[in-house]
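Have a look at the structure below, then the notes.
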Amino acid sequence: MTERTFSIIKPDATKRNLTGKVNAVIEDAGLRIVAQRRIKMTKAQAEKFYEVHAARPFYGELVEFMTSEPVVVQVLEGDNAVARYREVMGATNPEQAAPGTIRKLYALSVGENSVHGSDSQENAAIEIAQFFTAADIPG
Ligand code: ADP
Ligand code: MG
């Protein structure tokens with residue numbers, strides 16, 4: 001089923017000029033980038049985005065990292081886009097990520113792991129709505 005997911009190219013990747021290389025992996029996997037914007041996240045935006053992790057020991061570090069450099073927020077569309085993008089990203093910890101995945105190719109560490117992707121269709125809709133309106137996504 002065609003669906004949408006939300007992606008972020010994280011600061012470690014934008015800083016190393018890897019936006020195009022990450023997008024090539026996304027497109028080669030059959031996912032279409034239907035909206036994207038380069039932004040500098042505010043502390044409030046990062047705190048809200050990751051509020052589910054607020055009690056975790058790495059939360060402060062995560063918010064600091066996500067606001068340290070610009071990120072690229074994206075909407076990806078394709079068949080089973082949520083699960084498909086999780087496969088393409090690879091495991092959270094790049095040491096455990098499969099060959100050819102974005103995190104295996106480019107991530108620096110479990111924290112600085114190059115990309116975010118929604119973990120469910122419900123969260124995808126919530127996350128897309130935090131950064132995009134319908135008018136931003138021509139389809
Ligand atoms: P994922 O991004 O694969 O869905 P999580 O939702 O578990 O992973 O974590 C959200 C983000 O928090 C990770 O992508 C990573 O940037 C950061 N993170 C997760 N675990 C750790 C950790 N142990 N130490 C530092 N940062 C972490
Ligand atoms: Mg997650």
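Numbering starts fresh at 1 for the residues of each chain in the structure tokens, the chains themselves are lettered A, B, ... in the order given, and ligands are numbered from 1 as they appear.
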
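Considering only C-alpha atoms and all ligand atoms, every residue of the polymer chains approaching ligand 2 to 8 Å or closer is listed here: His116, Gly117, Ser118 and Asp119 of chain A.
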
Generate a file of the selected residues that holds C-alpha atoms, formatted as a PDB file, in the first residue's frame.
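The file below, out-v8.pdb, is the result:
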ATOM      1  CA  HIS A 116      15.478   9.481  11.575  1.00  0.00           C
ATOM      2  CA  GLY A 117      12.491   7.560  10.244  1.00  0.00           C
ATOM      3  CA  SER A 118       9.013   7.198  11.725  1.00  0.00           C
ATOM      4  CA  ASP A 119       8.308   3.899  13.514  1.00  0.00           C
TER       5      ASP A 119
END

Margin query: Please return, as a VMD selection string, all residues of segment 34-65 of chain A that DSSP assigns to strand (DSSP E) on the basis of the backbone.
Written below: chain A and resid 34 to 39

Notebook entry, point to check: Which of segment 14-135 of chain A counts as helix (DSSP H, G or I) under DSSP, as a ChimeraX atom specification please?
Noted result: /A:14-15,19-28,43-49,51-53,59-66,81-89,94-96,102-106,121-131,134-135

Residues up to 12 Å from ligand 1, counting only C-alpha atoms and all ligand atoms: could you list those as a PDB file with C-alpha atoms, in the first residue's frame?
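Result file is selection-v2.pdb:
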ATOM      1  CA  PHE A   6       8.741  11.217   7.875  1.00  0.00           C
ATOM      2  CA  SER A   7      12.527  11.406   7.595  1.00  0.00           C
ATOM      3  CA  ILE A   8      15.238  13.632   9.008  1.00  0.00           C
ATOM      4  CA  ILE A   9      18.778  13.817   7.662  1.00  0.00           C
ATOM      5  CA  LYS A  10      20.518  14.555  10.940  1.00  0.00           C
ATOM      6  CA  PRO A  11      23.273  17.102  11.733  1.00  0.00           C
ATOM      7  CA  ASP A  12      26.164  14.629  11.511  1.00  0.00           C
ATOM      8  CA  ALA A  13      25.184  13.925   7.877  1.00  0.00           C
ATOM      9  CA  ALA A  46      13.675  19.064  19.074  1.00  0.00           C
ATOM     10  CA  GLU A  47      12.314  18.628  22.605  1.00  0.00           C
ATOM     11  CA  PHE A  49       9.866  15.869  18.464  1.00  0.00           C
ATOM     12  CA  TYR A  50      11.692  13.531  20.861  1.00  0.00           C
ATOM     13  CA  GLU A  51       9.413  13.986  23.890  1.00  0.00           C
ATOM     14  CA  VAL A  52       8.764  10.207  23.987  1.00  0.00           C
ATOM     15  CA  HIS A  53      12.439   9.872  24.980  1.00  0.00           C
ATOM     16  CA  ALA A  54      12.318  12.646  27.633  1.00  0.00           C
ATOM     17  CA  ALA A  55      13.044  10.242  30.497  1.00  0.00           C
ATOM     18  CA  ARG A  56      15.987   8.547  28.748  1.00  0.00           C
ATOM     19  CA  PRO A  57      19.539   9.386  29.884  1.00  0.00           C
ATOM     20  CA  PHE A  58      20.529  10.503  26.359  1.00  0.00           C
ATOM     21  CA  TYR A  59      17.622  12.971  25.899  1.00  0.00           C
ATOM     22  CA  GLY A  60      19.616  16.131  26.684  1.00  0.00           C
ATOM     23  CA  GLU A  61      22.463  15.043  24.435  1.00  0.00           C
ATOM     24  CA  LEU A  62      19.978  14.141  21.677  1.00  0.00           C
ATOM     25  CA  VAL A  63      18.287  17.572  21.762  1.00  0.00           C
ATOM     26  CA  GLU A  64      21.706  19.248  21.814  1.00  0.00           C
ATOM     27  CA  PHE A  65      22.819  17.196  18.797  1.00  0.00           C
ATOM     28  CA  MET A  66      19.640  17.773  16.774  1.00  0.00           C
ATOM     29  CA  VAL A  82       7.275   3.327   7.007  1.00  0.00           C
ATOM     30  CA  ALA A  83       8.693  -0.204   7.229  1.00  0.00           C
ATOM     31  CA  TYR A  85      12.480   3.242   5.244  1.00  0.00           C
ATOM     32  CA  ARG A  86      13.272   1.590   8.585  1.00  0.00           C
ATOM     33  CA  GLU A  87      14.950  -1.201   6.560  1.00  0.00           C
ATOM     34  CA  VAL A  88      16.833   1.285   4.395  1.00  0.00           C
ATOM     35  CA  MET A  89      18.024   3.212   7.498  1.00  0.00           C
ATOM     36  CA  GLY A  90      19.328   0.161   9.333  1.00  0.00           C
ATOM     37  CA  ALA A  91      19.605  -0.464  13.068  1.00  0.00           C
ATOM     38  CA  THR A  92      19.839   2.486  15.492  1.00  0.00           C
ATOM     39  CA  ASN A  93      23.386   1.439  16.397  1.00  0.00           C
ATOM     40  CA  PRO A  94      25.452   1.485  13.184  1.00  0.00           C
ATOM     41  CA  GLN A  96      24.429  -3.526  14.237  1.00  0.00           C
ATOM     42  CA  ALA A  97      23.182  -2.092  10.948  1.00  0.00           C
ATOM     43  CA  ILE A 102      22.266   4.406   5.455  1.00  0.00           C
ATOM     44  CA  ARG A 103      23.438   3.973   9.042  1.00  0.00           C
ATOM     45  CA  ALA A 107      26.486   6.855  10.811  1.00  0.00           C
ATOM     46  CA  LEU A 108      29.181   7.815  13.315  1.00  0.00           C
ATOM     47  CA  SER A 109      27.666   6.353  16.500  1.00  0.00           C
ATOM     48  CA  VAL A 110      24.389   5.265  18.123  1.00  0.00           C
ATOM     49  CA  GLY A 111      23.596   8.937  18.777  1.00  0.00           C
ATOM     50  CA  GLU A 112      25.001  10.538  15.620  1.00  0.00           C
ATOM     51  CA  ASN A 113      23.325   8.051  13.321  1.00  0.00           C
ATOM     52  CA  SER A 114      22.605  10.201  10.256  1.00  0.00           C
ATOM     53  CA  VAL A 115      18.849   9.684   9.844  1.00  0.00           C
ATOM     54  CA  HIS A 116      15.478   9.481  11.575  1.00  0.00           C
ATOM     55  CA  GLY A 117      12.491   7.560  10.244  1.00  0.00           C
ATOM     56  CA  SER A 118       9.013   7.198  11.725  1.00  0.00           C
ATOM     57  CA  ASP A 119       8.308   3.899  13.514  1.00  0.00           C
ATOM     58  CA  SER A 120       4.564   3.651  12.706  1.00  0.00           C
ATOM     59  CA  ASN A 123       3.698   8.567  14.304  1.00  0.00           C
ATOM     60  CA  ALA A 124       4.493   9.351  10.663  1.00  0.00           C
TER      61      ALA A 124
END

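Taking atom CA of Gly100 of chain A as the reference point, atom CA of Ala29 of chain A is found at 10.6 Å.
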
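The shortest atom-to-atom distance to Gln45 of chain A, with only C-alpha atoms taken into account, belongs to A:Glu127 out of A:Asp79, A:Glu3, A:Asp136, A:Glu127.
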